[in-house]
Amino acid sequence: ERARQLADRERAAIESALAVALSRASDLHSAEIEELRTKLAEAEAKSQRAISQAQLTRAGHLYVISNVGSFGEGVFKVGMTRRLDPMDRVKELGDASVPFPFDVHMMIASDDAPRLETALHRELHKRRINKTNPHKEFFRVGIELIHQLVTEHHGDVQYVADAEALQYRQSLNMSDEDQEF
């Protein structure tokens, strides 16, 4: 709603500036008028995107990721994102707060991602690592059980059973000589 209101205000300001420019230019097609028309079209597109996103608030992606180097084997984060590129969220989670990037085991597009996430969290509740904070979405569980639950609540999906954990495994195998600058 805030995004729609902001886009509407931006569109109104551009329409006003366009009207002033048109009256000053006496219908001449100046560069300023064309620039304002382009900005107006962009503002209208933003407004439409905001409306579309509001209508799609339940659509998103459920992800199942792990970070063997940070949390060990058999620990998975089950979360959701509404980002257009769900990998942006995975990369964000693995940027600075953990020593290694996350591996993606499942990325599931869903028309009702919050419902799917809630169903999985409810089923996995007793396997939570942080039992006092339900907003921490890490579970000690096998990937096969997560796949089984996803299949029950969403349908069969492709998944990656074994974490690549490339940087972690390379770090384990790196000799002291390899670490020399």
# chains A, B, ... in the order shown; residues from 1 in each chain; ligands from 1

call {"tool": "residues_around", "arguments": {"residues": "Ala165 (chain A)", "least_positions_apart": "5", "cutoff": "8 Å", "atoms": "only C-alpha atoms", "output": "PyMOL selection string"}}
result
chain A and resi 67-69+100-103

call {"tool": "write_last_selection", "arguments": {"atoms": "N, CA, C and O atoms", "output": "short mmCIF file (atom, residue, chain, number, x, y, z; two decimals), in the first residue's frame"}}
result
data_model
loop_
_atom_site.label_atom_id
_atom_site.label_comp_id
_atom_site.auth_asym_id
_atom_site.auth_seq_id
_atom_site.Cartn_x
_atom_site.Cartn_y
_atom_site.Cartn_z
N ASN A 67 24.34 -25.09 5.40
CA ASN A 67 25.68 -24.51 5.45
C ASN A 67 26.52 -25.42 6.34
O ASN A 67 26.66 -25.18 7.54
N VAL A 68 27.06 -26.47 5.72
CA VAL A 68 27.79 -27.50 6.46
C VAL A 68 28.97 -26.90 7.23
O VAL A 68 29.23 -27.25 8.38
N GLY A 69 29.68 -25.98 6.60
CA GLY A 69 30.84 -25.39 7.25
C GLY A 69 30.50 -24.56 8.46
O GLY A 69 31.30 -24.40 9.38
N PHE A 100 30.92 -19.41 5.26
CA PHE A 100 30.78 -20.07 3.96
C PHE A 100 29.39 -19.80 3.38
O PHE A 100 28.43 -19.59 4.12
N PRO A 101 29.27 -19.85 2.05
CA PRO A 101 27.95 -19.64 1.44
C PRO A 101 27.03 -20.83 1.68
O PRO A 101 27.49 -21.94 1.95
N PHE A 102 25.73 -20.58 1.58
CA PHE A 102 24.73 -21.63 1.73
C PHE A 102 24.62 -22.45 0.46
O PHE A 102 24.82 -21.93 -0.64
N ASP A 103 24.29 -23.72 0.61
CA ASP A 103 23.96 -24.60 -0.52
C ASP A 103 22.44 -24.71 -0.61
O ASP A 103 21.76 -24.86 0.42
#

call {"tool": "select_by_dssp", "arguments": {"residues": "region 77-172 of chain A", "states": "helix (DSSP H, G or I)", "output": "CSV table (one decimal) with all heavy atoms, in the first residue's frame"}}
result
chain,number,residue,atom,x,y,z
A,87,MET,N,17.3,-16.3,-5.3
A,87,MET,CA,18.7,-16.5,-5.0
A,87,MET,C,19.3,-15.3,-4.3
A,87,MET,O,20.3,-15.4,-3.6
A,87,MET,CB,19.4,-16.9,-6.2
A,87,MET,CG,19.1,-18.4,-6.7
A,87,MET,SD,19.4,-19.6,-5.4
A,87,MET,CE,21.2,-19.5,-5.2
A,88,ASP,N,18.7,-14.1,-4.6
A,88,ASP,CA,19.2,-12.9,-3.9
A,88,ASP,C,19.1,-13.1,-2.4
A,88,ASP,O,20.0,-12.7,-1.6
A,88,ASP,CB,18.4,-11.7,-4.3
A,88,ASP,CG,18.7,-11.2,-5.7
A,88,ASP,OD1,19.7,-11.7,-6.3
A,88,ASP,OD2,17.9,-10.4,-6.2
A,89,ARG,N,18.1,-13.7,-1.9
A,89,ARG,CA,17.9,-13.9,-0.4
A,89,ARG,C,18.9,-14.9,0.1
A,89,ARG,O,19.5,-14.7,1.1
A,89,ARG,CB,16.5,-14.4,-0.1
A,89,ARG,CG,16.2,-14.8,1.3
A,89,ARG,CD,16.3,-13.6,2.2
A,89,ARG,NE,16.0,-14.0,3.6
A,89,ARG,CZ,16.6,-13.4,4.6
A,89,ARG,NH1,17.5,-12.4,4.5
A,89,ARG,NH2,16.3,-13.8,5.9
A,90,VAL,N,19.2,-16.0,-0.7
A,90,VAL,CA,20.2,-17.0,-0.3
A,90,VAL,C,21.6,-16.4,-0.2
A,90,VAL,O,22.3,-16.6,0.7
A,90,VAL,CB,20.1,-18.2,-1.3
A,90,VAL,CG1,21.2,-19.2,-0.9
A,90,VAL,CG2,18.8,-18.9,-1.2
A,91,LYS,N,21.9,-15.6,-1.2
A,91,LYS,CA,23.2,-14.9,-1.2
A,91,LYS,C,23.3,-14.0,-0.1
A,91,LYS,O,24.4,-13.9,0.6
A,91,LYS,CB,23.4,-14.2,-2.5
A,91,LYS,CG,23.6,-15.1,-3.7
A,91,LYS,CD,23.7,-14.3,-5.0
A,91,LYS,CE,23.6,-15.3,-6.2
A,91,LYS,NZ,23.3,-14.6,-7.4
A,92,GLU,N,22.2,-13.2,0.2
A,92,GLU,CA,22.2,-12.3,1.4
A,92,GLU,C,22.5,-13.0,2.7
A,92,GLU,O,23.3,-12.6,3.5
A,92,GLU,CB,20.9,-11.6,1.4
A,92,GLU,CG,20.7,-10.6,2.6
A,92,GLU,CD,19.3,-10.1,2.6
A,92,GLU,OE1,18.4,-10.8,3.0
A,92,GLU,OE2,19.1,-8.9,2.2
A,93,LEU,N,21.8,-14.2,2.9
A,93,LEU,CA,22.0,-14.9,4.1
A,93,LEU,C,23.5,-15.4,4.2
A,93,LEU,O,24.0,-15.6,5.4
A,93,LEU,CB,21.1,-16.1,4.1
A,93,LEU,CG,19.6,-15.8,4.3
A,93,LEU,CD1,18.7,-17.0,4.0
A,93,LEU,CD2,19.4,-15.3,5.7
A,113,ALA,N,3.2,-19.3,-0.6
A,113,ALA,CA,4.4,-19.6,0.1
A,113,ALA,C,4.3,-19.6,1.6
A,113,ALA,O,4.8,-20.4,2.3
A,113,ALA,CB,5.5,-18.8,-0.4
A,114,PRO,N,3.6,-18.6,2.2
A,114,PRO,CA,3.5,-18.5,3.6
A,114,PRO,C,2.7,-19.8,4.2
A,114,PRO,O,3.1,-20.3,5.2
A,114,PRO,CB,2.6,-17.3,3.9
A,114,PRO,CG,2.9,-16.4,2.7
A,114,PRO,CD,3.0,-17.3,1.6
A,115,ARG,N,1.7,-20.3,3.5
A,115,ARG,CA,1.0,-21.5,3.9
A,115,ARG,C,1.9,-22.7,3.9
A,115,ARG,O,2.0,-23.4,4.9
A,115,ARG,CB,-0.2,-21.7,3.1
A,115,ARG,CG,-1.0,-23.0,3.5
A,115,ARG,CD,-1.9,-23.5,2.5
A,115,ARG,NE,-1.3,-23.9,1.2
A,115,ARG,CZ,-0.5,-25.0,1.1
A,115,ARG,NH1,-0.4,-25.8,2.0
A,115,ARG,NH2,0.0,-25.2,-0.1
A,116,LEU,N,2.7,-22.8,2.8
A,116,LEU,CA,3.6,-24.0,2.7
A,116,LEU,C,4.7,-23.9,3.8
A,116,LEU,O,5.0,-24.9,4.4
A,116,LEU,CB,4.2,-24.0,1.3
A,116,LEU,CG,5.2,-25.1,1.0
A,116,LEU,CD1,4.6,-26.5,1.3
A,116,LEU,CD2,5.8,-25.0,-0.4
A,117,GLU,N,5.3,-22.7,4.0
A,117,GLU,CA,6.3,-22.5,5.0
A,117,GLU,C,5.7,-22.9,6.4
A,117,GLU,O,6.4,-23.6,7.2
A,117,GLU,CB,6.8,-21.1,5.0
A,117,GLU,CG,7.9,-20.9,6.0
A,117,GLU,CD,8.3,-19.4,6.2
A,117,GLU,OE1,7.4,-18.6,6.3
A,117,GLU,OE2,9.5,-19.2,6.3
A,118,THR,N,4.6,-22.4,6.7
A,118,THR,CA,4.0,-22.6,8.0
A,118,THR,C,3.7,-24.1,8.2
A,118,THR,O,4.0,-24.7,9.3
A,118,THR,CB,2.6,-21.9,8.2
A,118,THR,OG1,2.9,-20.5,8.1
A,118,THR,CG2,1.9,-22.1,9.5
A,119,ALA,N,3.2,-24.8,7.2
A,119,ALA,CA,3.0,-26.2,7.3
A,119,ALA,C,4.3,-27.0,7.6
A,119,ALA,O,4.3,-27.9,8.4
A,119,ALA,CB,2.3,-26.8,6.0
A,120,LEU,N,5.3,-26.6,6.9
A,120,LEU,CA,6.6,-27.3,7.1
A,120,LEU,C,7.2,-27.0,8.5
A,120,LEU,O,7.6,-27.9,9.2
A,120,LEU,CB,7.6,-27.0,6.0
A,120,LEU,CG,7.3,-27.5,4.6
A,120,LEU,CD1,8.3,-27.0,3.6
A,120,LEU,CD2,7.2,-29.0,4.6
A,121,HIS,N,7.1,-25.8,8.9
A,121,HIS,CA,7.6,-25.4,10.2
A,121,HIS,C,6.8,-26.1,11.3
A,121,HIS,O,7.4,-26.6,12.3
A,121,HIS,CB,7.5,-23.9,10.4
A,121,HIS,CG,8.5,-23.1,9.7
A,121,HIS,ND1,8.7,-21.8,9.8
A,121,HIS,CD2,9.5,-23.5,8.8
A,121,HIS,CE1,9.7,-21.4,9.0
A,121,HIS,NE2,10.2,-22.4,8.4
A,122,ARG,N,5.5,-26.3,11.1
A,122,ARG,CA,4.7,-27.0,12.1
A,122,ARG,C,5.1,-28.5,12.2
A,122,ARG,O,5.3,-29.0,13.3
A,122,ARG,CB,3.2,-26.9,11.7
A,122,ARG,CG,2.2,-27.4,12.8
A,122,ARG,CD,0.8,-27.1,12.5
A,122,ARG,NE,0.6,-25.6,12.5
A,122,ARG,CZ,0.0,-24.9,11.5
A,122,ARG,NH1,-0.3,-25.5,10.4
A,122,ARG,NH2,-0.2,-23.6,11.7
A,123,GLU,N,5.3,-29.1,11.1
A,123,GLU,CA,5.7,-30.5,11.1
A,123,GLU,C,7.1,-30.7,11.6
A,123,GLU,O,7.4,-31.7,12.2
A,123,GLU,CB,5.7,-31.0,9.6
A,123,GLU,CG,4.4,-31.0,9.0
A,123,GLU,CD,3.6,-32.3,9.0
A,123,GLU,OE1,4.1,-33.3,9.7
A,123,GLU,OE2,2.5,-32.4,8.5
A,124,LEU,N,8.0,-29.7,11.4
A,124,LEU,CA,9.4,-29.8,11.9
A,124,LEU,C,9.7,-29.2,13.3
A,124,LEU,O,10.8,-29.2,13.7
A,124,LEU,CB,10.3,-29.1,10.9
A,124,LEU,CG,10.4,-29.8,9.5
A,124,LEU,CD1,11.1,-28.9,8.5
A,124,LEU,CD2,11.0,-31.2,9.5
A,125,HIS,N,8.6,-28.7,13.9
A,125,HIS,CA,8.7,-27.9,15.1
A,125,HIS,C,9.6,-28.6,16.2
A,125,HIS,O,10.5,-27.9,16.8
A,125,HIS,CB,7.4,-27.6,15.7
A,125,HIS,CG,7.4,-26.8,17.0
A,125,HIS,ND1,7.9,-25.5,17.0
A,125,HIS,CD2,7.2,-27.1,18.2
A,125,HIS,CE1,7.8,-25.0,18.2
A,125,HIS,NE2,7.4,-26.0,19.0
A,126,LYS,N,9.5,-29.8,16.4
A,126,LYS,CA,10.2,-30.5,17.5
A,126,LYS,C,11.7,-30.7,17.1
A,126,LYS,O,12.5,-31.1,17.9
A,126,LYS,CB,9.6,-31.8,17.9
A,126,LYS,CG,8.3,-31.6,18.6
A,126,LYS,CD,7.7,-32.9,19.1
A,126,LYS,CE,6.4,-32.5,19.9
A,126,LYS,NZ,5.9,-33.6,20.6
A,127,ARG,N,12.1,-30.4,15.9
A,127,ARG,CA,13.4,-30.5,15.4
A,127,ARG,C,14.1,-29.2,15.3
A,127,ARG,O,15.2,-29.1,14.7
A,127,ARG,CB,13.4,-31.2,14.0
A,127,ARG,CG,12.9,-32.7,14.1
A,127,ARG,CD,12.7,-33.2,12.8
A,127,ARG,NE,12.1,-34.6,12.8
A,127,ARG,CZ,12.8,-35.7,12.8
A,127,ARG,NH1,14.1,-35.6,12.7
A,127,ARG,NH2,12.2,-36.8,12.8
A,143,ILE,N,17.4,-34.4,4.9
A,143,ILE,CA,16.8,-33.8,3.7
A,143,ILE,C,15.6,-34.7,3.1
A,143,ILE,O,14.7,-34.2,2.6
A,143,ILE,CB,17.8,-33.5,2.6
A,143,ILE,CG1,17.3,-32.7,1.5
A,143,ILE,CG2,18.4,-34.8,2.1
A,143,ILE,CD1,16.9,-31.3,1.9
A,144,GLU,N,15.7,-36.0,3.3
A,144,GLU,CA,14.7,-36.9,2.8
A,144,GLU,C,13.3,-36.6,3.5
A,144,GLU,O,12.3,-36.6,2.9
A,144,GLU,CB,15.1,-38.4,3.0
A,144,GLU,CG,16.3,-38.8,2.2
A,144,GLU,CD,17.6,-38.4,2.8
A,144,GLU,OE1,17.7,-38.0,4.0
A,144,GLU,OE2,18.6,-38.4,2.1
A,145,LEU,N,13.4,-36.3,4.8
A,145,LEU,CA,12.1,-36.0,5.5
A,145,LEU,C,11.6,-34.7,5.0
A,145,LEU,O,10.3,-34.5,4.8
A,145,LEU,CB,12.3,-35.9,7.1
A,145,LEU,CG,11.1,-35.5,7.9
A,145,LEU,CD1,9.9,-36.5,7.7
A,145,LEU,CD2,11.5,-35.4,9.4
A,146,ILE,N,12.4,-33.7,4.8
A,146,ILE,CA,11.9,-32.4,4.3
A,146,ILE,C,11.3,-32.6,2.9
A,146,ILE,O,10.2,-32.1,2.7
A,146,ILE,CB,13.1,-31.4,4.2
A,146,ILE,CG1,13.6,-31.0,5.6
A,146,ILE,CG2,12.6,-30.1,3.5
A,146,ILE,CD1,14.8,-30.1,5.6
A,147,HIS,N,11.9,-33.4,2.1
A,147,HIS,CA,11.4,-33.7,0.8
A,147,HIS,C,10.0,-34.4,0.9
A,147,HIS,O,9.1,-34.1,0.2
A,147,HIS,CB,12.3,-34.6,-0.1
A,147,HIS,CG,11.8,-34.9,-1.4
A,147,HIS,ND1,11.4,-36.2,-1.7
A,147,HIS,CD2,11.6,-34.1,-2.5
A,147,HIS,CE1,11.0,-36.2,-3.0
A,147,HIS,NE2,11.1,-35.0,-3.5
A,148,GLN,N,9.9,-35.4,1.8
A,148,GLN,CA,8.7,-36.1,2.0
A,148,GLN,C,7.6,-35.1,2.4
A,148,GLN,O,6.4,-35.1,1.9
A,148,GLN,CB,8.8,-37.1,3.1
A,148,GLN,CG,7.5,-37.8,3.5
A,148,GLN,CD,7.7,-38.7,4.7
A,148,GLN,OE1,8.9,-39.2,5.0
A,148,GLN,NE2,6.7,-39.0,5.4
A,149,LEU,N,7.9,-34.2,3.4
A,149,LEU,CA,6.9,-33.2,3.8
A,149,LEU,C,6.5,-32.2,2.7
A,149,LEU,O,5.3,-31.9,2.6
A,149,LEU,CB,7.4,-32.4,5.0
A,149,LEU,CG,7.6,-33.3,6.3
A,149,LEU,CD1,8.3,-32.4,7.3
A,149,LEU,CD2,6.3,-33.8,6.8
A,150,VAL,N,7.5,-31.8,1.9
A,150,VAL,CA,7.1,-30.9,0.8
A,150,VAL,C,6.2,-31.6,-0.2
A,150,VAL,O,5.2,-31.0,-0.7
A,150,VAL,CB,8.4,-30.4,0.1
A,150,VAL,CG1,8.1,-29.8,-1.2
A,150,VAL,CG2,9.2,-29.5,1.0
A,151,THR,N,6.5,-32.9,-0.5
A,151,THR,CA,5.7,-33.7,-1.4
A,151,THR,C,4.2,-33.8,-0.8
A,151,THR,O,3.3,-33.6,-1.6
A,151,THR,CB,6.3,-35.1,-1.6
A,151,THR,OG1,7.6,-34.9,-2.1
A,151,THR,CG2,5.4,-35.9,-2.5
A,152,GLU,N,4.1,-34.0,0.5
A,152,GLU,CA,2.7,-34.1,1.1
A,152,GLU,C,2.0,-32.8,1.0
A,152,GLU,O,0.8,-32.7,0.7
A,152,GLU,CB,2.9,-34.5,2.5
A,152,GLU,CG,3.3,-35.9,2.7
A,152,GLU,CD,3.6,-36.2,4.2
A,152,GLU,OE1,3.2,-35.4,5.1
A,152,GLU,OE2,4.2,-37.3,4.5
A,153,HIS,N,2.7,-31.6,1.1
A,153,HIS,CA,2.0,-30.3,1.2
A,153,HIS,C,2.0,-29.6,-0.1
A,153,HIS,O,1.2,-28.6,-0.2
A,153,HIS,CB,2.6,-29.5,2.3
A,153,HIS,CG,2.4,-30.0,3.7
A,153,HIS,ND1,1.2,-29.8,4.4
A,153,HIS,CD2,3.1,-30.8,4.5
A,153,HIS,CE1,1.2,-30.4,5.5
A,153,HIS,NE2,2.4,-31.0,5.6
A,166,LEU,N,31.5,-26.3,-1.3
A,166,LEU,CA,32.7,-26.2,-2.0
A,166,LEU,C,33.8,-25.5,-1.2
A,166,LEU,O,34.9,-26.0,-1.0
A,166,LEU,CB,32.5,-25.6,-3.3
A,166,LEU,CG,33.8,-25.5,-4.2
A,166,LEU,CD1,34.3,-26.9,-4.6
A,166,LEU,CD2,33.4,-24.7,-5.5
A,167,GLN,N,33.5,-24.3,-0.7
A,167,GLN,CA,34.5,-23.5,0.0
A,167,GLN,C,34.9,-24.2,1.3
A,167,GLN,O,36.1,-24.2,1.7
A,167,GLN,CB,34.1,-22.1,0.2
A,167,GLN,CG,34.0,-21.2,-1.0
A,167,GLN,CD,33.5,-19.8,-0.7
A,167,GLN,OE1,33.5,-19.4,0.5
A,167,GLN,NE2,33.1,-19.1,-1.7
A,168,TYR,N,34.0,-24.8,2.0
A,168,TYR,CA,34.3,-25.5,3.2
A,168,TYR,C,35.2,-26.6,3.0
A,168,TYR,O,36.2,-26.8,3.6
A,168,TYR,CB,33.0,-25.9,3.9
A,168,TYR,CG,33.2,-26.8,5.0
A,168,TYR,CD1,33.8,-26.4,6.2
A,168,TYR,CD2,32.7,-28.2,5.0
A,168,TYR,CE1,33.9,-27.2,7.3
A,168,TYR,CE2,32.9,-29.0,6.1
A,168,TYR,CZ,33.5,-28.5,7.2
A,168,TYR,OH,33.7,-29.4,8.3
A,169,ARG,N,34.9,-27.4,2.0
A,169,ARG,CA,35.7,-28.6,1.7
A,169,ARG,C,37.1,-28.2,1.2
A,169,ARG,O,38.1,-28.9,1.5
A,169,ARG,CB,34.9,-29.5,0.7
A,169,ARG,CG,33.6,-30.1,1.3
A,169,ARG,CD,32.9,-31.1,0.4
A,169,ARG,NE,31.5,-31.3,0.7
A,169,ARG,CZ,31.0,-31.8,1.8
A,169,ARG,NH1,31.8,-32.1,2.8
A,169,ARG,NH2,29.7,-31.9,1.9
A,170,GLN,N,37.1,-27.2,0.4
A,170,GLN,CA,38.4,-26.7,-0.1
A,170,GLN,C,39.3,-26.2,1.1
A,170,GLN,O,40.5,-26.5,1.1
A,170,GLN,CB,38.3,-25.6,-1.1
A,170,GLN,CG,37.8,-26.1,-2.5
A,170,GLN,CD,37.5,-24.9,-3.4
A,170,GLN,OE1,37.2,-23.8,-3.0
A,170,GLN,NE2,37.5,-25.2,-4.7
A,171,SER,N,38.6,-25.6,2.0
A,171,SER,CA,39.3,-25.1,3.2
A,171,SER,C,39.9,-26.2,4.0
A,171,SER,O,41.0,-26.1,4.6
A,171,SER,CB,38.4,-24.2,4.1
A,171,SER,OG,38.0,-23.0,3.4
A,172,LEU,N,39.1,-27.3,4.2
A,172,LEU,CA,39.6,-28.4,4.9
A,172,LEU,C,40.8,-29.1,4.3
A,172,LEU,O,41.7,-29.6,5.0
A,172,LEU,CB,38.5,-29.5,5.0
A,172,LEU,CG,37.3,-29.2,5.9
A,172,LEU,CD1,36.3,-30.3,5.9
A,172,LEU,CD2,37.8,-28.9,7.4

call {"tool": "residues_around", "arguments": {"residues": "Val160 (chain A)", "least_positions_apart": "5", "cutoff": "9 Å", "atoms": "only C-alpha atoms", "output": "list in words"}}
result
Val104, His105, Met106 and Ile143 of chain A

call {"tool": "write_last_selection", "arguments": {"atoms": "all heavy atoms", "output": "CSV table (one decimal), in the first residue's frame"}}
result
chain,number,residue,atom,x,y,z
A,104,VAL,N,21.9,-24.7,-1.8
A,104,VAL,CA,20.5,-24.8,-2.0
A,104,VAL,C,20.1,-26.2,-2.3
A,104,VAL,O,20.6,-26.8,-3.2
A,104,VAL,CB,20.0,-23.9,-3.2
A,104,VAL,CG1,18.5,-24.0,-3.4
A,104,VAL,CG2,20.4,-22.4,-2.9
A,105,HIS,N,19.2,-26.7,-1.5
A,105,HIS,CA,18.7,-28.1,-1.7
A,105,HIS,C,17.4,-28.1,-2.4
A,105,HIS,O,17.1,-29.0,-3.2
A,105,HIS,CB,18.6,-28.8,-0.4
A,105,HIS,CG,19.9,-29.0,0.3
A,105,HIS,ND1,20.7,-30.1,0.1
A,105,HIS,CD2,20.6,-28.2,1.1
A,105,HIS,CE1,21.8,-30.0,0.8
A,105,HIS,NE2,21.8,-28.8,1.4
A,106,MET,N,16.5,-27.1,-2.1
A,106,MET,CA,15.3,-27.0,-2.8
A,106,MET,C,14.9,-25.5,-3.0
A,106,MET,O,15.2,-24.7,-2.1
A,106,MET,CB,14.1,-27.6,-2.0
A,106,MET,CG,14.2,-29.1,-1.9
A,106,MET,SD,12.7,-29.7,-0.9
A,106,MET,CE,13.4,-31.1,-0.1
A,143,ILE,N,17.4,-34.4,4.9
A,143,ILE,CA,16.8,-33.8,3.7
A,143,ILE,C,15.6,-34.7,3.1
A,143,ILE,O,14.7,-34.2,2.6
A,143,ILE,CB,17.8,-33.5,2.6
A,143,ILE,CG1,17.3,-32.7,1.5
A,143,ILE,CG2,18.4,-34.8,2.1
A,143,ILE,CD1,16.9,-31.3,1.9

call {"tool": "residues_around", "arguments": {"residues": "Lys77 (chain A)", "least_positions_apart": "6", "cutoff": "7 Å", "atoms": "only C-alpha atoms", "output": "list in words"}}
result
Val64, Ile65, Ser66, Glu137, Phe138 and Phe139 of chain A

call {"tool": "write_last_selection", "arguments": {"atoms": "N, CA, C and O atoms", "output": "CSV table (one decimal), in the first residue's frame"}}
result
chain,number,residue,atom,x,y,z
A,64,VAL,N,15.1,-24.4,0.9
A,64,VAL,CA,15.7,-25.3,1.8
A,64,VAL,C,17.2,-25.2,1.6
A,64,VAL,O,17.6,-25.6,0.5
A,65,ILE,N,17.9,-24.7,2.5
A,65,ILE,CA,19.3,-24.5,2.4
A,65,ILE,C,20.1,-25.0,3.5
A,65,ILE,O,19.5,-25.3,4.6
A,66,SER,N,21.4,-25.3,3.3
A,66,SER,CA,22.3,-25.7,4.4
A,66,SER,C,23.6,-25.0,4.3
A,66,SER,O,23.9,-24.4,3.3
A,137,GLU,N,14.7,-20.2,11.7
A,137,GLU,CA,14.1,-21.3,10.9
A,137,GLU,C,15.1,-22.4,10.6
A,137,GLU,O,15.2,-23.0,9.5
A,138,PHE,N,15.9,-22.8,11.6
A,138,PHE,CA,16.9,-23.9,11.4
A,138,PHE,C,16.5,-25.1,12.1
A,138,PHE,O,16.0,-25.1,13.3
A,139,PHE,N,16.6,-26.3,11.4
A,139,PHE,CA,16.1,-27.5,11.9
A,139,PHE,C,17.2,-28.6,11.7
A,139,PHE,O,17.9,-28.6,10.7

call {"tool": "select_by_dssp", "arguments": {"residues": "chain A", "states": "strand (DSSP E or B)", "output": "VMD selection string"}}
result
chain A and resid 60 to 66 75 to 81 103 to 110 128 138 to 140

call {"tool": "atom_distance", "arguments": {"atom1": "CA of Asp112 (chain A)", "atom2": "CA of Thr57 (chain A)"}}
result
8.5 Å

call {"tool": "residues_around", "arguments": {"residues": "region 14-23 of chain A", "least_positions_apart": "5", "cutoff": "12 Å", "atoms": "only C-alpha atoms", "output": "VMD selection string"}}
result
chain A and resid 7 to 9 28 to 44

call {"tool": "write_last_selection", "arguments": {"atoms": "C-alpha atoms", "output": "PDB file, in the first residue's frame"}}
result
ATOM      1  CA  ALA A   7       4.114   5.740  -6.859  1.00  0.00           C
ATOM      2  CA  ASP A   8       0.822   7.679  -7.085  1.00  0.00           C
ATOM      3  CA  ARG A   9       2.418  10.789  -5.525  1.00  0.00           C
ATOM      4  CA  LEU A  28       6.696  22.441 -28.926  1.00  0.00           C
ATOM      5  CA  HIS A  29       8.270  19.041 -28.420  1.00  0.00           C
ATOM      6  CA  SER A  30      11.186  20.031 -26.258  1.00  0.00           C
ATOM      7  CA  ALA A  31      13.612  17.584 -24.666  1.00  0.00           C
ATOM      8  CA  GLU A  32      12.169  18.476 -21.248  1.00  0.00           C
ATOM      9  CA  ILE A  33       8.664  17.420 -22.318  1.00  0.00           C
ATOM     10  CA  GLU A  34       9.904  14.108 -23.709  1.00  0.00           C
ATOM     11  CA  GLU A  35      11.909  13.456 -20.545  1.00  0.00           C
ATOM     12  CA  LEU A  36       8.861  14.135 -18.391  1.00  0.00           C
ATOM     13  CA  ARG A  37       6.697  11.877 -20.552  1.00  0.00           C
ATOM     14  CA  THR A  38       9.260   9.102 -20.109  1.00  0.00           C
ATOM     15  CA  LYS A  39       9.307   9.650 -16.341  1.00  0.00           C
ATOM     16  CA  LEU A  40       5.499   9.646 -16.283  1.00  0.00           C
ATOM     17  CA  ALA A  41       5.410   6.307 -18.107  1.00  0.00           C
ATOM     18  CA  GLU A  42       7.956   4.906 -15.630  1.00  0.00           C
ATOM     19  CA  ALA A  43       5.895   6.191 -12.670  1.00  0.00           C
ATOM     20  CA  GLU A  44       2.750   4.595 -14.077  1.00  0.00           C
TER      21      GLU A  44
END

call {"tool": "closest_residue", "arguments": {"among": "A:Val157, A:Val98, A:Ala3, A:Val141", "to": "Val75 (chain A)", "atoms": "only C-alpha atoms"}}
result
A:Val141

call {"tool": "closest_residue", "arguments": {"among": "A:Ala59, A:Ala50, A:Met107, A:Ala96", "to": "Gly79 (chain A)", "atoms": "only C-alpha atoms"}}
result
A:Met107

call {"tool": "decode", "arguments": {"residues": "region 40-52 of chain A", "atoms": "N, CA and C atoms", "output": "short mmCIF file (atom, residue, chain, number, x, y, z; two decimals), in the first residue's frame"}}
result
data_model
loop_
_atom_site.label_atom_id
_atom_site.label_comp_id
_atom_site.auth_asym_id
_atom_site.auth_seq_id
_atom_site.Cartn_x
_atom_site.Cartn_y
_atom_site.Cartn_z
N LEU A 40 6.90 9.93 -16.59
CA LEU A 40 5.50 9.65 -16.28
C LEU A 40 5.18 8.18 -16.60
N ALA A 41 5.64 7.70 -17.74
CA ALA A 41 5.41 6.31 -18.11
C ALA A 41 6.07 5.37 -17.09
N GLU A 42 7.28 5.72 -16.63
CA GLU A 42 7.96 4.91 -15.63
C GLU A 42 7.20 4.92 -14.30
N ALA A 43 6.67 6.09 -13.92
CA ALA A 43 5.89 6.19 -12.67
C ALA A 43 4.62 5.36 -12.76
N GLU A 44 3.96 5.40 -13.91
CA GLU A 44 2.75 4.60 -14.08
C GLU A 44 3.08 3.11 -14.02
N ALA A 45 4.21 2.72 -14.60
CA ALA A 45 4.62 1.32 -14.55
C ALA A 45 4.93 0.89 -13.12
N LYS A 46 5.58 1.78 -12.33
CA LYS A 46 5.86 1.49 -10.92
C LYS A 46 4.56 1.27 -10.15
N SER A 47 3.59 2.13 -10.43
CA SER A 47 2.30 2.03 -9.76
C SER A 47 1.64 0.69 -10.08
N GLN A 48 1.70 0.29 -11.33
CA GLN A 48 1.11 -0.99 -11.74
C GLN A 48 1.85 -2.16 -11.08
N ARG A 49 3.19 -2.06 -11.01
CA ARG A 49 3.96 -3.12 -10.35
C ARG A 49 3.60 -3.21 -8.88
N ALA A 50 3.42 -2.06 -8.22
CA ALA A 50 3.06 -2.06 -6.80
C ALA A 50 1.71 -2.74 -6.59
N ILE A 51 0.77 -2.44 -7.48
CA ILE A 51 -0.55 -3.07 -7.39
C ILE A 51 -0.43 -4.57 -7.61
N SER A 52 0.35 -4.97 -8.62
CA SER A 52 0.54 -6.40 -8.91
C SER A 52 1.17 -7.12 -7.74
#
